[in-house]
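J.: So here's work.pdb (PDB, C-alpha atoms).
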MODEL        1
ATOM      1  CA  MET A   1       0.000   0.000   0.000  1.00  0.00           C
ATOM      2  CA  GLU A   2       1.640   3.218  -1.165  1.00  0.00           C
ATOM      3  CA  ILE A   3       0.354   5.180   1.802  1.00  0.00           C
ATOM      4  CA  ILE A   4       2.384   3.028   4.230  1.00  0.00           C
ATOM      5  CA  GLU A   5       5.667   4.092   2.689  1.00  0.00           C
ATOM      6  CA  ASN A   6       4.507   7.722   2.607  1.00  0.00           C
ATOM      7  CA  LEU A   7       3.510   7.604   6.279  1.00  0.00           C
ATOM      8  CA  GLU A   8       6.765   5.940   7.321  1.00  0.00           C
ATOM      9  CA  GLN A   9       8.738   8.657   5.526  1.00  0.00           C
ATOM     10  CA  ILE A  10       6.635  11.483   6.970  1.00  0.00           C
ATOM     11  CA  ILE A  11       6.802  10.045  10.507  1.00  0.00           C
ATOM     12  CA  ALA A  12      10.592   9.835  10.221  1.00  0.00           C
ATOM     13  CA  LEU A  13      10.843  13.329   8.727  1.00  0.00           C
ATOM     14  CA  LYS A  14       8.523  14.947  11.267  1.00  0.00           C
ATOM     15  CA  LYS A  15      10.115  12.999  14.141  1.00  0.00           C
ATOM     16  CA  VAL A  16       6.777  12.346  15.878  1.00  0.00           C
ATOM     17  CA  GLY A  17       8.501   9.844  18.154  1.00  0.00           C
ATOM     18  CA  GLU A  18       7.055   6.637  19.544  1.00  0.00           C
ATOM     19  CA  ILE A  19       3.496   6.214  18.206  1.00  0.00           C
ATOM     20  CA  SER A  20       0.864   6.190  20.953  1.00  0.00           C
ATOM     21  CA  PHE A  21      -2.394   6.445  18.979  1.00  0.00           C
ATOM     22  CA  ILE A  22      -3.575   5.573  15.465  1.00  0.00           C
ATOM     23  CA  ARG A  23      -7.094   6.239  14.191  1.00  0.00           C
ATOM     24  CA  SER A  24      -8.268   5.445  10.699  1.00  0.00           C
ATOM     25  CA  SER A  25     -11.690   5.761   9.086  1.00  0.00           C
ATOM     26  CA  PHE A  26     -12.308   4.223   5.674  1.00  0.00           C
ATOM     27  CA  TYR A  27     -15.628   4.634   3.863  1.00  0.00           C
ATOM     28  CA  ASP A  28     -15.781   2.863   0.516  1.00  0.00           C
ATOM     29  CA  GLN A  29     -17.944   0.445  -1.443  1.00  0.00           C
ATOM     30  CA  ARG A  30     -15.099  -2.101  -1.390  1.00  0.00           C
ATOM     31  CA  PHE A  31     -16.029  -2.800   2.201  1.00  0.00           C
ATOM     32  CA  ALA A  32     -19.325  -4.283   0.930  1.00  0.00           C
ATOM     33  CA  SER A  33     -17.668  -6.207  -1.911  1.00  0.00           C
ATOM     34  CA  PRO A  34     -15.585  -9.366  -2.165  1.00  0.00           C
ATOM     35  CA  ASP A  35     -12.556  -7.059  -1.703  1.00  0.00           C
ATOM     36  CA  LYS A  36     -13.593  -6.463   1.927  1.00  0.00           C
ATOM     37  CA  LYS A  37     -10.997  -8.895   3.303  1.00  0.00           C
ATOM     38  CA  ILE A  38      -8.281  -7.253   1.213  1.00  0.00           C
ATOM     39  CA  ALA A  39      -9.295  -3.809   2.510  1.00  0.00           C
ATOM     40  CA  ILE A  40      -9.288  -4.927   6.147  1.00  0.00           C
ATOM     41  CA  ALA A  41      -5.966  -6.749   5.728  1.00  0.00           C
ATOM     42  CA  GLY A  42      -4.495  -3.627   4.110  1.00  0.00           C
ATOM     43  CA  PHE A  43      -5.299  -1.483   7.129  1.00  0.00           C
ATOM     44  CA  VAL A  44      -4.134  -4.085   9.634  1.00  0.00           C
ATOM     45  CA  ARG A  45      -0.923  -4.331   7.573  1.00  0.00           C
ATOM     46  CA  LEU A  46      -0.532  -0.536   7.747  1.00  0.00           C
ATOM     47  CA  VAL A  47      -0.791  -0.605  11.560  1.00  0.00           C
ATOM     48  CA  LEU A  48       1.592  -3.555  11.936  1.00  0.00           C
ATOM     49  CA  ALA A  49       4.073  -1.964   9.520  1.00  0.00           C
ATOM     50  CA  LEU A  50       4.102   1.175  11.667  1.00  0.00           C
ATOM     51  CA  LYS A  51       4.287  -0.692  15.001  1.00  0.00           C
ATOM     52  CA  LYS A  52       6.482  -3.657  13.888  1.00  0.00           C
ATOM     53  CA  GLU A  53       4.736  -6.010  16.361  1.00  0.00           C
ATOM     54  CA  LYS A  54       1.468  -7.833  17.040  1.00  0.00           C
ATOM     55  CA  PRO A  55      -1.097  -6.149  19.270  1.00  0.00           C
ATOM     56  CA  SER A  56      -1.488  -7.425  22.817  1.00  0.00           C
ATOM     57  CA  ASN A  57      -5.295  -7.503  22.411  1.00  0.00           C
ATOM     58  CA  PHE A  58      -8.117  -6.424  20.121  1.00  0.00           C
ATOM     59  CA  THR A  59     -11.869  -5.946  19.854  1.00  0.00           C
ATOM     60  CA  ILE A  60     -14.111  -6.451  16.832  1.00  0.00           C
ATOM     61  CA  LEU A  61     -17.645  -5.079  16.471  1.00  0.00           C
ATOM     62  CA  LYS A  62     -19.534  -5.181  13.184  1.00  0.00           C
ATOM     63  CA  ASN A  63     -22.953  -4.893  11.588  1.00  0.00           C
ATOM     64  CA  ASP A  64     -24.156  -5.071   7.964  1.00  0.00           C
ATOM     65  CA  THR A  65     -22.451  -1.880   6.842  1.00  0.00           C
ATOM     66  CA  SER A  66     -19.775  -1.085   9.422  1.00  0.00           C
ATOM     67  CA  LEU A  67     -16.841  -2.561  11.286  1.00  0.00           C
ATOM     68  CA  LEU A  68     -14.952  -1.168  14.260  1.00  0.00           C
ATOM     69  CA  VAL A  69     -11.628  -2.732  15.242  1.00  0.00           C
ATOM     70  CA  THR A  70      -9.484  -1.655  18.161  1.00  0.00           C
ATOM     71  CA  PHE A  71      -5.960  -2.786  18.958  1.00  0.00           C
ATOM     72  CA  ASP A  72      -3.909  -2.261  22.096  1.00  0.00           C
ATOM     73  CA  PHE A  73      -0.132  -2.580  21.984  1.00  0.00           C
ATOM     74  CA  ASN A  74       0.785  -3.297  25.616  1.00  0.00           C
ATOM     75  CA  GLU A  75      -1.035  -0.166  26.799  1.00  0.00           C
ATOM     76  CA  LYS A  76       1.538   1.962  24.948  1.00  0.00           C
ATOM     77  CA  CYS A  77      -0.385   2.461  21.700  1.00  0.00           C
ATOM     78  CA  LEU A  78      -4.109   2.367  21.032  1.00  0.00           C
ATOM     79  CA  VAL A  79      -5.519   1.862  17.542  1.00  0.00           C
ATOM     80  CA  ASN A  80      -9.051   2.510  16.291  1.00  0.00           C
ATOM     81  CA  LEU A  81      -9.959   1.373  12.750  1.00  0.00           C
ATOM     82  CA  ALA A  82     -13.456   2.112  11.385  1.00  0.00           C
ATOM     83  CA  PHE A  83     -14.743   0.768   8.066  1.00  0.00           C
ATOM     84  CA  SER A  84     -18.084   1.462   6.420  1.00  0.00           C
ATOM     85  CA  SER A  85     -19.830   0.885   3.104  1.00  0.00           C
ATOM     86  CA  TRP A  86     -22.105   3.911   3.220  1.00  0.00           C
ATOM     87  CA  GLN A  87     -24.306   3.917   0.143  1.00  0.00           C
ATOM     88  CA  GLU A  88     -23.768   7.596  -0.704  1.00  0.00           C
ATOM     89  CA  VAL A  89     -19.974   7.310  -0.836  1.00  0.00           C
ATOM     90  CA  THR A  90     -18.869   7.581  -4.465  1.00  0.00           C
ATOM     91  CA  THR A  91     -15.238   8.460  -3.805  1.00  0.00           C
ATOM     92  CA  PRO A  92     -13.360   6.618  -1.067  1.00  0.00           C
ATOM     93  CA  VAL A  93     -12.987   8.583   2.146  1.00  0.00           C
ATOM     94  CA  LEU A  94      -9.832   7.850   4.088  1.00  0.00           C
ATOM     95  CA  LYS A  95      -8.832   9.615   7.291  1.00  0.00           C
ATOM     96  CA  ILE A  96      -5.786   8.720   9.350  1.00  0.00           C
ATOM     97  CA  GLU A  97      -4.419  10.295  12.518  1.00  0.00           C
ATOM     98  CA  ILE A  98      -1.112   9.215  13.994  1.00  0.00           C
ATOM     99  CA  VAL A  99      -0.087  10.639  17.359  1.00  0.00           C
ATOM    100  CA  GLY A 100       3.427  10.296  18.711  1.00  0.00           C
ATOM    101  CA  GLU A 101       5.179  11.569  21.797  1.00  0.00           C
ATOM    102  CA  ASN A 102       6.489  14.592  19.840  1.00  0.00           C
ATOM    103  CA  GLY A 103       3.638  15.436  17.483  1.00  0.00           C
ATOM    104  CA  MET A 104       0.775  14.364  15.273  1.00  0.00           C
ATOM    105  CA  ILE A 105       0.170  13.677  11.587  1.00  0.00           C
ATOM    106  CA  GLN A 106      -3.255  13.822   9.958  1.00  0.00           C
ATOM    107  CA  TYR A 107      -4.292  12.624   6.530  1.00  0.00           C
ATOM    108  CA  ASP A 108      -7.745  13.163   5.018  1.00  0.00           C
ATOM    109  CA  THR A 109      -8.679  12.515   1.399  1.00  0.00           C
ATOM    110  CA  GLN A 110     -11.493  15.060   1.718  1.00  0.00           C
ATOM    111  CA  ALA A 111      -9.067  17.864   2.592  1.00  0.00           C
ATOM    112  CA  ASP A 112      -7.560  19.930  -0.194  1.00  0.00           C
ATOM    113  CA  ASN A 113      -4.065  19.461   1.154  1.00  0.00           C
ATOM    114  CA  ALA A 114      -4.421  15.903   2.601  1.00  0.00           C
ATOM    115  CA  TYR A 115      -0.852  15.895   3.841  1.00  0.00           C
ATOM    116  CA  ALA A 116       1.857  17.827   2.121  1.00  0.00           C
ATOM    117  CA  GLY A 117       4.483  16.414  -0.175  1.00  0.00           C
ATOM    118  CA  THR A 118       2.832  13.258  -1.486  1.00  0.00           C
ATOM    119  CA  PRO A 119       1.104  12.387  -4.744  1.00  0.00           C
ATOM    120  CA  TYR A 120      -1.576  10.458  -2.834  1.00  0.00           C
ATOM    121  CA  VAL A 121      -4.937  12.033  -3.613  1.00  0.00           C
ATOM    122  CA  SER A 122      -8.116  10.010  -3.087  1.00  0.00           C
ATOM    123  CA  SER A 123      -7.882   6.577  -4.640  1.00  0.00           C
ATOM    124  CA  VAL A 124      -7.006   3.840  -2.177  1.00  0.00           C
ATOM    125  CA  SER A 125      -4.741   1.046  -3.325  1.00  0.00           C
ATOM    126  CA  PHE A 126      -4.327  -2.244  -1.515  1.00  0.00           C
ATOM    127  CA  ASP A 127      -1.197  -3.345  -3.327  1.00  0.00           C
ATOM    128  CA  ALA A 128       1.301  -5.195  -1.193  1.00  0.00           C
ATOM    129  CA  ALA A 129       3.694  -2.997   0.713  1.00  0.00           C
ATOM    130  CA  LYS A 130       7.106  -3.934   1.980  1.00  0.00           C
ATOM    131  CA  PRO A 131       6.795  -7.480   3.288  1.00  0.00           C
ATOM    132  CA  LEU A 132       6.290  -7.912   7.000  1.00  0.00           C
ATOM    133  CA  THR A 133       7.640 -10.831   8.978  1.00  0.00           C
ATOM    134  CA  ALA A 134       5.970 -14.182   8.374  1.00  0.00           C
ATOM    135  CA  GLU A 135       4.611 -14.038  11.934  1.00  0.00           C
ATOM    136  CA  LEU A 136       2.897 -10.681  11.297  1.00  0.00           C
ATOM    137  CA  GLU A 137       1.528 -11.846   7.927  1.00  0.00           C
ATOM    138  CA  GLU A 138       0.060 -14.930   9.649  1.00  0.00           C
ATOM    139  CA  TYR A 139      -1.450 -12.677  12.306  1.00  0.00           C
ATOM    140  CA  ILE A 140      -3.105 -10.524   9.619  1.00  0.00           C
ATOM    141  CA  ALA A 141      -4.627 -13.557   7.885  1.00  0.00           C
ATOM    142  CA  SER A 142      -5.863 -14.989  11.187  1.00  0.00           C
ATOM    143  CA  PHE A 143      -7.302 -11.650  12.309  1.00  0.00           C
ATOM    144  CA  VAL A 144      -9.169 -11.090   9.020  1.00  0.00           C
ATOM    145  CA  GLU A 145     -10.741 -14.547   9.413  1.00  0.00           C
ATOM    146  CA  LYS A 146     -11.894 -13.613  12.941  1.00  0.00           C
ATOM    147  CA  VAL A 147     -13.501 -10.469  11.516  1.00  0.00           C
ATOM    148  CA  ASP A 148     -15.189 -12.505   8.797  1.00  0.00           C
ATOM    149  CA  GLU A 149     -16.554 -15.034  11.301  1.00  0.00           C
ATOM    150  CA  ALA A 150     -17.899 -12.418  13.741  1.00  0.00           C
ATOM    151  CA  LYS A 151     -21.673 -12.288  13.859  1.00  0.00           C
ATOM    152  CA  GLU A 152     -23.544  -9.007  13.584  1.00  0.00           C
ATOM    153  CA  MET A 153     -23.272  -6.893  16.757  1.00  0.00           C
ATOM    154  CA  GLU A 154     -21.190  -9.582  18.458  1.00  0.00           C
ATOM    155  CA  VAL A 155     -18.228  -8.151  20.329  1.00  0.00           C
ATOM    156  CA  ILE A 156     -15.120 -10.272  19.959  1.00  0.00           C
ATOM    157  CA  ILE A 157     -12.284  -9.637  22.358  1.00  0.00           C
ATOM    158  CA  GLY A 158      -8.911 -11.236  21.881  1.00  0.00           C
TER     159      GLY A 158
ENDMDL
END
What's the structure tokens form of this structure?

T.:
Amino acid sequence: MEIIENLEQIIALKKVGEISFIRSSFYDQRFASPDKKIAIAGFVRLVLALKKEKPSNFTILKNDTSLLVTFDFNEKCLVNLAFSSWQEVTTPVLKIEIVGENGMIQYDTQADNAYAGTPYVSSVSFDAAKPLTAELEEYIASFVEKVDEAKEMEVIIG
């Protein structure tokens, strides 16, 4: 995913320090399509690429059109990922906030400037990014299956 490399570069350049909070909201018809698993895996991959480790626990809550995932990395970093297939969305909406000990980075495809210095406009690509460790890739696959198996409005804690 191109945005991962952009975020890694911006985080290094801006020297935000150790990441303590990540929030992402993604509204797109792909969430209601067969590409849903690819979309979810792409965002989990983004988080794991930034943190370089598996979360210590998670929660999953979903209904027909939405999914909320939270991760906790040993109480040092909280992550909130929201996905939705709102019917009126014609262009993907992607918002990301990354908070570190020394600052914050925001990205929003609806904003004119999104974040400065990148060619990333509004299309969202789920192409493979730099490979993660085999252990993290296995975690992503296992987690996406847990999301898929969750029943509507069932809260899964792991």

J.: Could you check which of A:Ile10, A:Ala32, A:Leu48, A:Ile22 is closest to Pro131 in chain A, using all atoms listed in the file?

T.: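 Nearest to Pro131 in chain A: A:Leu48.
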
J.: Give the answer as one residue: which of A:Gly100, A:Arg23, A:Ile11, A:Lys54 has the shortest atom-to-atom distance to Thr70 in chain A, using all atoms listed in the file?

T.: A:Arg23

J.: Identify all residues satisfying the PyMOL selection byres ((chain A and resi 69) around 10) in the given file; provide them as a VMD selection string.

T.: chain A and resid 24 40 44 58 to 62 67 to 68 70 to 71 79 to 83 147 155 to 157

J.: Please expand the PyMOL selection byres ((chain A and resi 140) around 10) into the concrete residues it hits in this file, giving the result as a PyMOL selection string.

T.: chain A and resi 40-45+48+54+134-139+141-146

J.: A:Thr133, A:Pro92, A:Asn63, A:Lys51: which is nearest Ile19 in chain A, counting all atoms listed in the file?

T.: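 Checking each of A:Thr133, A:Pro92, A:Asn63, A:Lys51 against Ile19 in chain A, counting all atoms listed in the file, the winner is A:Lys51.
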
J.: Evaluate the PyMOL selection byres ((chain A and resi 77) around 7) and record the selected residues as a list in words, following the chain and residue labels used in the document.

T.: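 With the shown file as input, the PyMOL selection byres ((chain A and resi 77) around 7) matches Ile19, Ser20, Phe21, Asp72, Phe73, Glu75, Lys76, Leu78 and Val79 of chain A.
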
J.: Between CA of Ser25 in chain A and CA of Lys95 in chain A, measure the distance and give it in Å to one decimal.

T.: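 Interatomic distance, CA of Ser25 in chain A to CA of Lys95 in chain A: 5.1 Å.
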
J.: Identify which of the residues A:Phe26, A:Leu50, A:Ala12, A:Gly158 lies closest to Thr65 in chain A, counting only C-alpha atoms when measuring atom-to-atom distances.

T.: A:Phe26

J.: Please compute the CA of Ala111 in chain A-CA of Leu7 in chain A distance, one decimal, in Å.

T.: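 For CA of Ala111 in chain A relative to CA of Leu7 in chain A, the distance reads 16.6 Å.
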
J.: Go ahead and fit an axis-aligned box to every listed atom of range 99-111 of chain A plus 4 Å each side, and pass me the centre and edge lengths in Å, one decimal, as AutoDock Vina command-line options.

T.:
--center_x -2.5 --center_y 14.1 --center_z 11.6 --size_x 26.0 --size_y 15.6 --size_z 28.4

J.: Of the candidates A:Asn74, A:Ile38, A:Tyr27, A:Glu154, which shows the shortest atom-to-atom distance to Ile96 in chain A, using all atoms listed in the file?

T.: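 Closest candidate: A:Tyr27.
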
J.: From the options A:Ile105, A:Asp148, A:Met153, A:Leu94, which residue's atoms come nearest to Lys37 in chain A, counting all atoms listed in the file?

T.: A:Asp148

J.: How many Å separate CA of Glu8 in chain A from CA of Thr109 in chain A?

T.: 17.8 Å
